[in-house]
Structure formats: structure tokens, C-alpha cells
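Student: Below is the file target-v4.cif, with mmCIF, C-alpha atoms.
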data_target
#
loop_
_atom_site.label_atom_id
_atom_site.label_comp_id
_atom_site.auth_asym_id
_atom_site.auth_seq_id
_atom_site.Cartn_x
_atom_site.Cartn_y
_atom_site.Cartn_z
CA MET A 820 135.64 -14.67 110.47
CA SER A 821 133.86 -15.83 107.36
CA LYS A 822 130.95 -13.78 106.04
CA ALA A 823 128.54 -16.71 105.89
CA LEU A 824 128.27 -20.39 105.30
CA LEU A 825 128.10 -21.56 101.71
CA GLN A 826 124.69 -21.89 100.06
CA THR A 827 125.01 -25.68 100.13
CA TYR A 828 127.45 -28.31 101.39
CA LEU A 829 126.03 -31.02 99.14
CA ARG A 830 129.16 -31.09 96.98
CA THR A 831 131.39 -31.45 100.07
CA HIS A 832 129.46 -34.47 101.36
CA ARG A 833 129.22 -36.05 97.91
CA LYS A 834 132.96 -35.74 97.37
CA ARG A 835 133.68 -37.12 100.84
CA SER A 836 131.59 -40.17 99.97
CA GLY A 837 133.52 -40.60 96.70
CA LEU A 838 130.31 -40.68 94.66
CA SER A 839 129.91 -39.02 91.28
CA GLN A 840 126.96 -36.77 90.46
CA GLN A 841 125.59 -39.55 88.20
CA GLU A 842 125.78 -42.09 91.04
CA VAL A 843 124.04 -39.74 93.48
CA ALA A 844 121.36 -39.17 90.82
CA GLU A 845 120.81 -42.95 90.65
CA LEU A 846 120.57 -43.16 94.44
CA ILE A 847 118.02 -40.38 94.75
CA ALA A 848 116.12 -41.46 91.62
CA ALA A 849 116.85 -38.24 89.75
CA VAL A 850 116.81 -38.08 85.97
CA SER A 851 120.53 -37.47 85.60
CA GLY A 852 123.64 -36.09 87.25
CA THR A 853 122.67 -32.67 85.93
CA THR A 854 119.91 -32.48 88.56
CA VAL A 855 122.49 -33.11 91.28
CA TYR A 856 124.80 -30.50 89.71
CA ARG A 857 121.96 -27.96 89.80
CA HIS A 858 121.27 -28.72 93.46
CA GLU A 859 124.98 -28.38 94.24
CA ALA A 860 125.20 -25.06 92.43
CA SER A 861 121.90 -23.84 93.94
CA HIS A 862 120.58 -23.32 90.40
CA ARG A 863 117.47 -25.29 91.19
CA SER A 864 115.19 -24.94 94.19
CA LEU A 865 114.86 -27.97 96.40
CA SER A 866 111.68 -29.80 97.19
CA LEU A 867 111.05 -31.05 100.72
CA ALA A 868 111.35 -34.62 99.39
CA ASP A 869 114.77 -33.83 97.84
CA ALA A 870 116.02 -32.31 101.10
CA PHE A 871 114.95 -35.37 103.11
CA THR A 872 116.46 -37.71 100.50
CA TYR A 873 119.83 -35.98 100.75
CA GLU A 874 119.56 -35.98 104.55
CA ALA A 875 118.98 -39.74 104.54
CA LEU A 876 121.76 -40.28 101.99
CA PHE A 877 124.52 -38.41 103.82
CA SER A 878 123.17 -38.63 107.41
CA VAL A 879 123.49 -34.85 107.73
CA PRO A 880 120.54 -32.61 108.78
CA ALA A 881 119.01 -30.72 105.85
CA SER A 882 119.71 -27.40 107.63
CA ALA A 883 123.44 -28.25 107.63
CA LEU A 884 123.39 -29.51 104.04
CA PHE A 885 121.57 -26.45 102.72
CA PRO A 886 122.45 -23.54 105.04
CA GLY A 887 121.53 -21.03 102.35
CA GLU A 888 117.92 -22.25 102.21
CA TYR A 889 117.84 -22.47 106.01
CA ARG A 890 119.10 -18.87 106.28
CA LYS A 891 116.37 -17.69 103.91
CA ALA A 892 113.69 -19.54 105.91
CA ARG A 893 114.96 -18.00 109.18
CA ALA A 894 114.96 -14.48 107.74
CA LEU A 895 111.41 -15.01 106.46
CA ILE A 896 110.20 -16.33 109.83
CA GLU A 897 111.81 -13.40 111.67
CA ALA A 898 110.18 -10.82 109.41
CA ARG A 899 106.77 -12.50 109.60
CA ALA A 900 106.95 -12.92 113.39
CA ILE A 901 107.73 -9.21 113.81
CA ALA A 902 104.83 -8.32 111.48
CA LEU A 903 102.46 -10.54 113.47
CA LEU A 904 103.65 -9.02 116.76
CA GLU A 905 102.91 -5.55 115.39
CA LYS A 906 99.49 -6.70 114.21
CA LEU A 907 98.72 -8.07 117.70
CA ALA A 908 99.83 -4.78 119.27
CA ARG A 909 97.61 -2.80 116.89
CA SER A 910 94.56 -4.97 117.68
CA GLY A 911 94.69 -3.73 121.30
CA LYS A 912 93.48 -7.09 122.70
CA ASP A 913 94.93 -8.12 126.03
CA THR A 914 93.57 -11.60 126.66
CA SER A 915 95.55 -14.55 127.99
CA GLY A 916 95.54 -16.01 124.45
CA THR A 917 97.12 -12.85 123.03
CA TRP A 918 99.67 -12.82 125.85
CA GLN A 919 100.62 -16.45 125.09
CA LYS A 920 101.03 -15.65 121.38
CA ARG A 921 103.17 -12.57 122.10
CA LEU A 922 105.37 -14.55 124.45
CA PHE A 923 105.89 -17.24 121.82
CA LEU A 924 106.57 -14.76 119.00
CA GLU A 925 109.04 -12.72 121.08
CA GLY A 926 110.86 -15.93 122.02
CA LEU A 927 110.84 -16.97 118.36
CA VAL A 928 112.42 -13.71 117.19
CA ARG A 929 115.09 -13.96 119.91
CA ARG A 930 115.80 -17.59 119.02
CA VAL A 931 116.06 -16.88 115.29
CA ARG A 932 118.39 -13.92 115.89
CA ASN A 933 120.67 -15.84 118.25
CA THR A 934 121.05 -19.02 116.21
CA MET B 613 124.13 -21.32 113.11
CA LYS B 614 126.84 -18.68 113.26
CA GLN B 615 129.98 -19.05 111.21
CA GLN B 616 133.17 -19.03 113.25
CA THR B 617 135.87 -20.03 110.80
CA LEU B 618 137.92 -18.49 108.05
CA ARG B 619 137.24 -19.81 104.55
CA VAL B 620 140.41 -20.24 102.56
CA VAL B 621 140.83 -21.05 98.89
CA ALA B 622 144.19 -22.14 97.48
CA PHE B 623 145.15 -22.60 93.84
CA ASP B 624 147.99 -24.38 92.10
CA PRO B 625 148.43 -24.16 88.32
CA THR B 626 148.83 -27.43 86.40
CA THR B 627 149.67 -28.16 82.78
CA ARG B 628 145.99 -28.60 81.90
CA GLY B 629 144.42 -25.96 84.15
CA PHE B 630 144.65 -25.75 87.92
CA ALA B 631 144.00 -27.54 91.18
CA TYR B 632 142.11 -25.91 94.01
CA ALA B 633 141.22 -26.58 97.63
CA VAL B 634 138.70 -24.84 99.89
CA LEU B 635 139.06 -25.11 103.66
CA GLU B 636 136.93 -23.79 106.50
CA GLY B 637 139.40 -23.63 109.34
CA GLU B 638 142.17 -26.19 109.61
CA GLN B 639 139.83 -29.10 110.15
CA THR B 640 137.25 -28.92 107.36
CA LEU B 641 137.99 -29.52 103.73
CA VAL B 642 134.95 -28.14 101.93
CA ASP B 643 135.88 -28.60 98.29
CA TRP B 644 138.80 -29.69 96.17
CA GLY B 645 139.47 -30.70 92.62
CA LEU B 646 141.27 -30.39 89.34
CA VAL B 647 139.94 -28.09 86.66
CA HIS B 648 140.88 -28.95 83.09
CA VAL B 649 140.54 -26.53 80.22
CA HIS B 650 140.28 -28.09 76.78
CA VAL B 651 143.53 -27.92 74.83
CA LEU B 652 141.98 -25.83 72.04
CA ARG B 653 140.73 -23.25 74.54
CA ARG B 654 143.66 -23.41 76.95
CA THR B 655 144.55 -19.75 77.25
CA ASP B 656 145.43 -17.84 80.42
CA ALA B 657 142.17 -15.89 80.12
CA ASN B 658 140.07 -19.07 80.00
CA ILE B 659 141.92 -20.64 82.92
CA LEU B 660 141.53 -17.47 84.99
CA PHE B 661 137.84 -17.36 84.08
CA ARG B 662 137.48 -20.81 85.65
CA VAL B 663 139.34 -19.55 88.74
CA GLU B 664 136.74 -16.78 89.03
CA ARG B 665 133.96 -19.38 88.85
CA VAL B 666 135.46 -21.25 91.80
CA LEU B 667 135.64 -17.94 93.71
CA ASP B 668 132.00 -17.14 92.86
CA ARG B 669 130.95 -20.51 94.24
CA THR B 670 133.00 -20.40 97.42
CA SER B 671 133.29 -16.67 98.34
CA PRO B 672 136.48 -17.06 100.41
CA ASP B 673 138.04 -14.75 103.00
CA LEU B 674 141.60 -15.67 102.15
CA PHE B 675 143.15 -16.34 98.75
CA VAL B 676 146.30 -18.46 98.75
CA VAL B 677 148.84 -19.11 96.00
CA GLU B 678 152.39 -20.36 95.93
CA ASP B 679 155.09 -17.78 96.43
CA GLY B 680 156.72 -18.10 93.02
CA ARG B 681 159.86 -16.13 93.90
CA GLY B 682 162.94 -18.30 93.93
CA THR B 683 161.15 -21.42 92.66
CA LYS B 684 161.77 -23.41 89.50
CA ARG B 685 158.24 -22.96 88.18
CA ARG B 686 157.86 -22.39 84.45
CA GLU B 687 157.04 -19.02 82.93
CA ARG B 688 153.46 -20.09 82.18
CA ALA B 689 152.79 -21.16 85.79
CA ARG B 690 154.31 -17.91 87.09
CA ARG B 691 152.12 -15.92 84.70
CA LEU B 692 149.02 -17.78 85.88
CA ILE B 693 149.89 -17.23 89.54
CA LYS B 694 150.31 -13.51 88.78
CA GLY B 695 146.91 -13.52 87.04
CA MET B 696 145.37 -15.21 90.08
CA GLU B 697 146.90 -12.58 92.36
CA GLU B 698 145.38 -9.84 90.21
CA ILE B 699 141.95 -11.47 90.54
CA ALA B 700 142.38 -11.51 94.34
CA LYS B 701 143.32 -7.82 94.32
CA ARG B 702 140.36 -6.93 92.09
CA ARG B 703 137.99 -8.74 94.44
CA ASN B 704 139.57 -7.21 97.55
CA LEU B 705 140.46 -10.61 98.95
CA SER B 706 143.28 -11.03 101.44
CA LEU B 707 146.11 -12.56 99.47
CA VAL B 708 148.63 -14.90 101.07
CA ARG B 709 151.71 -16.16 99.23
CA VAL B 710 153.05 -19.39 100.67
CA SER B 711 156.52 -20.74 100.03
CA ARG B 712 157.48 -24.41 99.96
CA SER B 713 159.64 -23.91 103.05
CA CYS B 714 156.60 -22.55 104.90
CA VAL B 715 154.63 -25.68 103.90
CA ARG B 716 157.48 -27.87 105.18
CA LYS B 717 157.49 -25.99 108.50
CA THR B 718 153.72 -26.46 108.84
CA LEU B 719 153.71 -30.15 108.01
CA LYS B 720 156.95 -31.09 109.79
CA PRO B 721 158.60 -33.64 109.58
CA ALA B 722 157.29 -34.10 105.99
CA PHE B 723 159.91 -32.84 103.55
CA THR B 724 159.38 -34.22 100.05
CA LYS B 725 156.20 -33.62 98.06
CA ASP B 726 155.25 -37.29 98.55
CA ASP B 727 155.67 -36.94 102.33
CA ILE B 728 153.63 -33.74 102.31
CA ALA B 729 150.86 -35.44 100.30
CA LEU B 730 150.84 -38.31 102.82
CA ALA B 731 150.64 -35.85 105.72
CA VAL B 732 147.74 -34.03 104.03
CA ALA B 733 145.93 -37.34 103.40
CA SER B 734 146.32 -38.25 107.08
CA ILE B 735 144.67 -34.94 108.08
CA PHE B 736 141.91 -35.28 105.47
CA PRO B 737 141.19 -38.99 104.92
CA GLU B 738 138.68 -38.11 102.18
CA LEU B 739 141.71 -37.33 99.98
CA GLY B 740 143.19 -40.80 100.55
CA PRO B 741 141.80 -42.34 97.34
CA ARG B 742 143.33 -39.50 95.32
CA LEU B 743 146.81 -39.94 96.76
CA PRO B 744 149.23 -40.52 93.85
CA ARG B 745 151.75 -43.33 94.04
CA PRO B 746 155.25 -42.07 94.86
CA ARG B 747 157.41 -41.59 91.77
CA ASN B 748 159.92 -44.40 91.54
CA LYS B 749 161.97 -42.53 88.93
CA ALA B 750 162.81 -38.87 89.40
CA TRP B 751 162.55 -38.14 85.67
CA LYS B 752 159.00 -39.43 85.36
CA THR B 753 156.17 -36.90 85.07
CA GLU B 754 154.48 -36.06 88.34
CA ASP B 755 150.89 -37.24 88.77
CA GLU B 756 148.55 -34.29 88.19
CA ARG B 757 146.61 -35.11 91.37
CA MET B 758 149.66 -34.05 93.37
CA SER B 759 148.55 -30.47 92.69
CA ILE B 760 145.42 -31.01 94.82
CA PHE B 761 147.67 -31.93 97.75
CA ASP B 762 149.86 -28.92 96.99
CA ALA B 763 146.82 -26.64 97.08
CA VAL B 764 145.63 -28.14 100.40
CA SER B 765 149.12 -27.80 101.88
CA PHE B 766 149.27 -24.13 100.80
CA ALA B 767 145.92 -23.50 102.49
CA LEU B 768 147.06 -25.25 105.69
CA ALA B 769 150.30 -23.27 105.71
CA ALA B 770 148.41 -19.99 105.21
CA LEU B 771 146.08 -20.84 108.10
CA SER B 772 148.97 -21.64 110.40
CA GLN B 773 150.72 -18.31 109.68
#
Take the structure I supplied and represent it as C-alpha cells, if you would.
Tutor:
Amino acid sequence: MSKALLQTYLRTHRKRSGLSQQEVAELIAAVSGTTVYRHEASHRSLSLADAFTYEALFSVPASALFPGEYRKARALIEARAIALLEKLARSGKDTSGTWQKRLFLEGLVRRVRNT
Amino acid sequence: MKQQTLRVVAFDPTTRGFAYAVLEGEQTLVDWGLVHVHVLRRTDANILFRVERVLDRTSPDLFVVEDGRGTKRRERARRLIKGMEEIAKRRNLSLVRVSRSCVRKTLKPAFTKDDIALAVASIFPELGPRLPRPRNKAWKTEDERMSIFDAVSFALAALSQ
């Protein structure tokens, strides 16, 4: 079993399409092929607009194109959800609103861990 | 999004550098290509440095090279394969040496290198445009792109073992 997915599969999808980095740069209105190289090598952080542009270009969800970024986001969400759950527990409130939040956050942590 | 497959990287030395192929399982070709090192800097150390860069980028589970024993490969290619094996050992990667006969068994009934390249291109259609034309004269130099197909066939053979 492999340790993890690659940081990005942008290079794979670009090569499958037969496009050069320069051509992809023209398609996504980037300055040059160097920008595409940096995205492929994960040397440059992606903007939301870039992620959606690549998703539209290769018809692949951004989470599958950039699993490294997706992994980071999931880890962040898990840690923050646990912190918020602890904060709710410390507050001692037991209203229906708090119960709804706890239910959602517990489900979120389970979902993030299982995916 | 759990990973279920083995990531395999295979290398094949060429006159100007090396060819490589990265597979995730038998069905997904993740990366492939030819790496050229400039003639003025073409030393074993520089070529092996570029091999390390491919490994850094792909972090494989399995490292595949041709089993050089009993082949007609030149001294330089044998030396490079040995250097690649040392890199695999240093990085604690599982090393698999694949012989040509093992490749033939995997991609039966393909026998010649041209047949094997065709078989590989039929499994991975994305390689189709890189398929070299068959040599019409045996003494003509082999197209360098053939090494990409060699690397992919080594990886497939290693996965089938």
C-alpha cells in the first residue's frame, strides 16, 4: 500500500492531454509555463480561481487534482472541529442549539477521518 | 480518499540520461518521460542526481530497474543501473530487478521490443503519440523514446510478480 497520494496530479493530466506547460499557461491565462511548472511541483500555493480553472480544463475535481492541498484542508478541519467540540463541552451549555452543533461536529470528525 | 495502490517507479538509462515511468497500480500511469543531461555535464553523478529528483517528486514504494545480468548492455548503462540500485538501498526502497524474459512473460504474446511497445501503448493510450516507428533496418539507432516503453514494461512486470 502506498503511503499517500502525490501532492498534485496536475502533471499527469497535462501529459495525458498532450499539452505543454506553455500551452496550459496560455489556456489558463498564466504569465508563462513557469507558473504551471510551479503548480505541478507544488512550489507555489494555489488560488481558488486557479484550482477551478484547472478543474474546468481537465474535467477532474480539484480535490483529485490537488490531493495534497485537500489533505491539508481536511487535517485543519479535523483539528479545528475537535477544538470547537472541546470549547462547547467547557461552556457547559446544554441547549438544543448546542446539541445540534455537537452532533454536526462529531459527524464531521468521523467523516473526515473515514474519507 | 484513502490510497489503495502501490506506487512504482521504473528507470531505464539512455545515451543522454534516462527514461522513467511512474505507475499507481497496473492501471494508472502517473508520470513518464525522458530526462536529458547536457553533454558537458553528462556524468554519472549528475544523471543520478536527476534520478533522485524524480524520486523526491514521486515518493514510490517500489523501485524497478532492468536486471542487467546476462544482457548486452554497455558498461556505462550497467554502471548507471548499479548507481540507481544504490540510491534505492540508501532510501530504503524495495528494489525489484526485472529481466527482459520477465517482461515478455507479462506482456505475452509480445516478443520484440516493438511488439512490447505496442502492447504498452494499448494498455496506456496516452503513450500512443510517443510510440516510435518500428526500425526497418536492424543496424539503425533505436529511437530514444523506446526507453519510456521499456521503463513502463519493467514497472508492469514488477507489479505482476
Student: Could you please tell me, as JSON, numbers by chain, which residues of chain A have an atom within 9 Å of chain B when using all atoms listed in the file?
Tutor: {"A": [820, 821, 822, 823, 824, 825, 826, 828, 830, 831, 832, 834, 835, 836, 837, 860, 883, 886, 890, 933, 934]}
Student: What is the atom CA of Ala881 of chain A to atom CA of Arg863 of chain A distance in Å?
Tutor: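 Computed distance, atom CA of Ala881 of chain A to atom CA of Arg863 of chain A, equals 15.7 Å.
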Student: With 12 Å as the threshold, what does the neighbourhood of (138.5, -18.1, 82.6) contain in terms of residues, counting all atoms listed in the file? Coordinates are those of the file; answer as number ranges by chain.
Tutor: B: 629-630, 647-650, 653-667, 692, 695-696, 699
Student: Between atom CA of Glu698 of chain B and atom CA of Lys717 of chain B, what is the distance, to one decimal in Å?
Tutor: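 We find that atom CA of Glu698 of chain B and atom CA of Lys717 of chain B lie 27.2 Å from each other.
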Student: Any chance you could resolve the PyMOL selection byres ((chain B and resi 625) around 9) against this file and give the residues as a PyMOL selection string?
Tutor: chain B and resi 623-624+626-632+688-690+692-693+759
Student: Take the PyMOL selection byres ((chain A and resi 880) around 12), run it mentally on this structure, and tell me the resulting residues as a list of chain:residue names.
Tutor: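 That expression, the PyMOL selection byres ((chain A and resi 880) around 12), corresponds here to A:Thr827, A:Tyr828, A:Leu829, A:His832, A:Ala870, A:Phe871, A:Thr872, A:Tyr873, A:Glu874, A:Ala875, A:Leu876, A:Phe877, A:Ser878, A:Val879, A:Ala881, A:Ser882, A:Ala883, A:Leu884, A:Phe885, A:Pro886, A:Tyr889.
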Student: Just want the 10 Å neighbourhood of Phe923 of chain A, counted on all atoms listed in the file, with same-chain residues fewer than 5 positions away dropped. Output as a list in words.
Tutor: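 Non-adjacent residues within range: Ala900, Leu904, Thr917, Trp918, Val928 and Arg929 of chain A.
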Student: Can you list what the PyMOL selection byres ((chain B and resi 680-682) around 12) grabs from this structure, as a PyMOL selection string?
Tutor: chain B and resi 624-625+676-679+683-694+697+708-713
Student: Can you pull out every residue within 8 Å of Val843 of chain A, counting only C-alpha atoms, but drop anything in the same chain fewer than 5 positions away, and send it as a ChimeraX atom specification?
Tutor: /A:833,838,852,855
Student: Rounded to one decimal place, report the atom CA of Asp913 of chain A-atom CA of Ile896 of chain A distance in Å.
Tutor: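 A separation of 23.7 Å between them.
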Student: Kindly extract all protein, DNA and RNA residues lying within 6 Å of the coordinates (119.9, -21.5, 97.1) given in the file, considering all atoms listed in the file, and supply them as number ranges by chain.
Tutor: A: 826, 861, 887-888
